[in-house]
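Participant: Sharing a structure, written as structure tokens. Questions coming.
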Amino acid sequence: MTFIICHLNLRKYLILIVIICCSSATVHAIKKFKFRCENNQYCIKQRVESDKHHDQNLYENLNYCRLVCGKFGPLFPKPTGIVELGKHTTAIHPDNIRLEADKTINSAEVLQMLNQTHHQFLTNLRNECSGQCKKTNSVELTIKVFVASSEAILSWTTDESYMLNISAINVKNPIAVVEALTMFGARHAIETLSQLIVAILDEEYEVEYRSLRILTRTLIIDAPVYAHRGLMLDTARNFIPVTAIKRQLDGMAASKLNVLHWHITDTHSFPMALERVPEAALYGAYSSDAVYSPRDIQSVVNYAKQNGIRIIFEFDAPAHAGNGWQWGPDMGLGELAVCVNKLPWRNYCIEPPCGQLNPVNPNLFFVLEKLYMDFAEIDPQQPIIHMGGDEVFYNCWNETEAILKYLNDRGMGRTEAAFLFLWSDFQEKTLHLWDHCRKTVEHTLKGTMDLFKPAPVILWSSHLTDPSVINSYLTNDRYVIQTWVPSQSSLNQDLLSLGYKLIISTKNAWYLDHGFWGQTSYYSWKIVYNNRLPRNEKVLGGEVCLWTEFIDEYSVDGRIWPRAAAAAERLWTDPNTMAQEAEGRFYRHRNRLISRGIQTEAVISNWCEQNEGQCF
């Protein structure tokens, strides 16, 4: 009996040894695939028959091939100026990288932002090698940063250009020199530097160590084409937690997008806890867990800034305002909003639930002043606000007795002209309220009101911004119009001819929630990439938009990324070439986003990714 048991155990161990050997052989066979750079353009997977086979055009993995293949290598977005990339690399390790800020930088805020950028840079490198970075034989990399200006506030006039020069005259101590006029340009340069570093699996160790390698020679001079490169994120229809919002900021920073347009309230919910108007969140939040506290909001603003991004808040009005405004009668203020949750909803709004502010209730403007003061104090250095102003549903006001009486008392009937007057009157009053609040905040900040200069306000395109009437209601020196019309519409050119500055969100290319509801279509990254904006000094830039009726924290990453990155290259570079030229770089950027914790959607099969240019 003992002999039989021993015999069975021996057979079991022999089988186990055979399985291990076969598995090892299989893994070894897989490792014999390398990547060839063909025509200095495409990286193609190729089988290598022998470990002794040497070919200078073969590289250990696809990312390494993409680092040295093509004029622009792995860079995304593609630089707009001079690009000279070497072909040789040297090993580095995050622990052996130090940043030297030029001694002429005397701004404490700029130095702090530089330190934060350096910390994020090292974090990204460790993510690139999955936390298993090999340190043996790595050299010391010095990053020397020169910033000419103490400017630390991002605006439409901020210079974001930079120069990045990597040299390794002494191979043991390569130097990366960053020169920029502002800290924001320096941040972009360091982001570009991170894209010139690749992780290679080290086969000498049983643990999967990865060796980081950097190009030893590089010269890049770069600057964006458009000043406003944005992502609009709706967090009112479905609540998106702060951690998820910060992931989107990580993706934006990697892609050099610089504006998060935060659509934070709507008729569905009011998830923003305001100090002066606490009733809004009490009546309007989905739950006590679905609320952004002042601390939450401030943390997002700060996180964005250290990543070269500014937050522009949108408080949509007078439409898209319902839940969160029902408390007026209980407080003796009358109806602050009308048609709130009214049914059948198709009679009173574009989508459920309904609700519009009540412009004939004087108490509304006392509440709005408090609300605007809270908005103004969130980021005292940021003067821009988005006031929404879209999709006013006349039928709601048309069936509100108090509004009809107000119009009748002024000799106006139920005409479109009457409702446009009411709408524009509301807009003029809220503009004065916002200016007053901004002026008060700036007085507190600077100690004087003499320096106050009113900033532009952003509005969505609507009936009020129609070229036939806009001059009667909105001046082109105070209002920037964000258009959301299809590419074939003439609206952009019509508004430009009237002198209005624009932010463009092409509805049939840059609405990333489309294709999952109604008659809408899904727009692939190629469609997003190929969407061109007018080249005009009054076109500030554009935004991709994500409305969240059918999206929450579990699906938000994949719905935005990597398609938003395709828009990022269009906004940064506006290349004359189309999506096909960007294919390999785009797939590499998607993998870069994944390494940084962003759950991007798949855009192509692995075979096509590993055989560039053969599937387009």
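Identifiers in the structure tokens: chain A, B, ... in order shown; residue index from 1 per chain; ligand index from 1 in order shown.
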So that I can check the secondary structure, give me every residue of region 332-540 of chain A assigned strand (DSSP E) by backbone DSSP, as a list in words.
Facilitator: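 Answer for region 332-540 of chain A, restricted to strand (DSSP E): Ala337, Val338, Gln356, Leu357, Ile385, His386, Met387, Gly388, Val457, Ile458, Leu459, Trp460, Tyr479, Val480, Ile481, Gln482, Thr483, Lys501, Leu502, Ile503, Ile504, Val539 and Leu540 of chain A.
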Participant: Considering only C-alpha atoms, return as a ChimeraX atom specification whatever protein or nucleic-acid residues lie within 7 Å of region 222-234 of chain A, sequence-local ones (same chain, fewer than 4 positions apart) excluded.
Facilitator: /A:79-81,156,160-163,257-264,540-548,568,571-574
Participant: Tell me which of A:Glu84, A:Glu60, A:Glu335, A:Glu428 sits closest to Cys43 (chain A), counting only C-alpha atoms.
Facilitator: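 Closest to Cys43 (chain A), using only C-alpha atoms: A:Glu60.
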Participant: If you run DSSP over the backbone, which residues in region 349-583 of chain A end up alpha helix (DSSP H)? Put them as a ChimeraX atom specification.
Facilitator: /A:362-378,394-398,401-409,416-446,470-473,491-497,507-510,525-530,556-560,563-572,579-583
Participant: Could you write those residues out with C-alpha atoms, as a short mmCIF file (atom, residue, chain, number, x, y, z; two decimals), in the first residue's frame?
Facilitator:
```cif
data_model
loop_
_atom_site.label_atom_id
_atom_site.label_comp_id
_atom_site.auth_asym_id
_atom_site.auth_seq_id
_atom_site.Cartn_x
_atom_site.Cartn_y
_atom_site.Cartn_z
CA PRO A 362 -37.79 89.55 -6.80
CA ASN A 363 -36.76 87.20 -4.00
CA LEU A 364 -35.06 84.96 -6.55
CA PHE A 365 -32.37 87.56 -7.15
CA PHE A 366 -31.59 87.90 -3.43
CA VAL A 367 -30.99 84.14 -3.36
CA LEU A 368 -28.95 84.23 -6.57
CA GLU A 369 -26.70 86.92 -5.11
CA LYS A 370 -25.86 84.61 -2.22
CA LEU A 371 -25.30 81.71 -4.60
CA TYR A 372 -22.99 83.74 -6.85
CA MET A 373 -21.01 84.94 -3.85
CA ASP A 374 -20.37 81.33 -2.87
CA PHE A 375 -19.33 80.51 -6.45
CA ALA A 376 -17.04 83.54 -6.57
CA GLU A 377 -15.30 82.54 -3.34
CA ILE A 378 -14.54 78.97 -4.43
CA TYR A 394 -41.43 78.88 -23.25
CA ASN A 395 -44.44 76.71 -22.51
CA CYS A 396 -43.42 76.46 -18.85
CA TRP A 397 -43.46 80.23 -18.41
CA ASN A 398 -46.52 80.44 -20.67
CA GLU A 401 -49.91 82.68 -13.82
CA ALA A 402 -47.48 85.06 -12.11
CA ILE A 403 -45.35 85.34 -15.26
CA LEU A 404 -48.33 85.96 -17.51
CA LYS A 405 -49.56 88.69 -15.16
CA TYR A 406 -46.11 90.30 -15.17
CA LEU A 407 -46.10 90.41 -18.98
CA ASN A 408 -49.68 91.65 -19.22
CA ASP A 409 -48.99 94.46 -16.75
CA GLU A 416 -41.70 84.86 -28.52
CA ALA A 417 -40.54 88.49 -28.36
CA ALA A 418 -42.12 88.81 -24.90
CA PHE A 419 -40.39 85.68 -23.61
CA LEU A 420 -37.05 86.76 -25.12
CA PHE A 421 -37.45 90.09 -23.29
CA LEU A 422 -38.14 88.26 -20.02
CA TRP A 423 -35.17 85.94 -20.60
CA SER A 424 -32.77 88.75 -21.52
CA ASP A 425 -33.92 90.83 -18.55
CA PHE A 426 -33.11 87.90 -16.28
CA GLN A 427 -29.70 87.54 -17.94
CA GLU A 428 -28.89 91.24 -17.49
CA LYS A 429 -29.80 91.13 -13.81
CA THR A 430 -27.74 88.02 -13.13
CA LEU A 431 -24.76 89.52 -14.96
CA HIS A 432 -24.89 92.56 -12.65
CA LEU A 433 -25.16 90.25 -9.64
CA TRP A 434 -22.12 88.24 -10.75
CA ASP A 435 -20.07 91.39 -11.37
CA HIS A 436 -21.01 92.70 -7.91
CA CYS A 437 -19.97 89.42 -6.25
CA ARG A 438 -16.71 89.24 -8.20
CA LYS A 439 -15.93 92.85 -7.34
CA THR A 440 -16.56 92.19 -3.65
CA VAL A 441 -14.30 89.12 -3.69
CA GLU A 442 -11.54 90.98 -5.52
CA HIS A 443 -11.80 93.85 -3.06
CA THR A 444 -11.25 91.37 -0.23
CA LEU A 445 -8.38 89.77 -2.12
CA LYS A 446 -6.61 92.92 -3.34
CA ILE A 470 -28.22 88.37 -30.24
CA ASN A 471 -27.06 91.96 -30.76
CA SER A 472 -30.23 93.19 -29.11
CA TYR A 473 -29.60 91.27 -25.90
CA LEU A 491 -23.98 79.31 -36.60
CA ASN A 492 -20.25 79.48 -35.78
CA GLN A 493 -19.43 81.61 -38.81
CA ASP A 494 -22.50 83.80 -38.28
CA LEU A 495 -21.54 84.56 -34.67
CA LEU A 496 -17.89 85.12 -35.59
CA SER A 497 -18.96 87.64 -38.21
CA LYS A 507 -22.65 68.16 -31.52
CA ASN A 508 -22.15 65.41 -34.11
CA ALA A 509 -18.54 64.70 -33.15
CA TRP A 510 -17.76 65.83 -29.62
CA TRP A 525 -12.04 58.39 -31.86
CA LYS A 526 -11.40 58.93 -35.58
CA ILE A 527 -14.53 61.07 -35.93
CA VAL A 528 -13.56 62.99 -32.79
CA TYR A 529 -10.02 63.50 -34.10
CA ASN A 530 -11.07 64.60 -37.59
CA VAL A 556 -17.56 57.54 -16.83
CA ASP A 557 -13.89 56.68 -17.60
CA GLY A 558 -14.66 54.52 -20.62
CA ARG A 559 -17.18 56.93 -22.06
CA ILE A 560 -14.65 59.78 -21.98
CA ARG A 563 -11.78 59.62 -27.22
CA ALA A 564 -11.28 62.89 -25.33
CA ALA A 565 -7.57 62.53 -26.04
CA ALA A 566 -8.31 62.55 -29.77
CA ALA A 567 -9.96 65.96 -29.30
CA ALA A 568 -6.98 67.03 -27.21
CA GLU A 569 -4.62 66.63 -30.17
CA ARG A 570 -7.06 68.48 -32.41
CA LEU A 571 -7.13 71.36 -29.93
CA TRP A 572 -3.42 71.41 -29.14
CA ALA A 579 -6.66 60.25 -37.72
CA GLN A 580 -4.77 57.60 -39.68
CA GLU A 581 -1.46 59.39 -39.16
CA ALA A 582 -2.05 59.44 -35.38
CA GLU A 583 -3.01 55.76 -35.09
#
```
Participant: Region 291-296 of chain A: which residues within 6 Å, counting only C-alpha atoms, same-chain residues fewer than 3 positions away excluded, as a PyMOL selection string?
Facilitator: chain A and resi 271-273+299
Participant: Give me, as a list in words, all polymer residues having an atom no more than 8 Å from Asn476 (chain A), counting only C-alpha atoms and skipping those fewer than 6 positions away in the same chain.
Facilitator: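 The filter keeps Leu498, Gly499, Tyr500 and Lys501 of chain A.
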Participant: Could you pull the residues within 8 Å of Glu179 (chain A), counting only C-alpha atoms, minus those fewer than 3 positions along the same chain, as a list in words?
Facilitator: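 Using only C-alpha atoms, the neighbours found are Val145, Phe146, Val147, Tyr162, Met163, Leu164 and Ala186 of chain A.
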Participant: So which one's closest to Asp379 (chain A), A:Ile311, A:Ala455, A:Asn591, A:Glu151? Using only C-alpha atoms, please.
Facilitator: A:Ile311
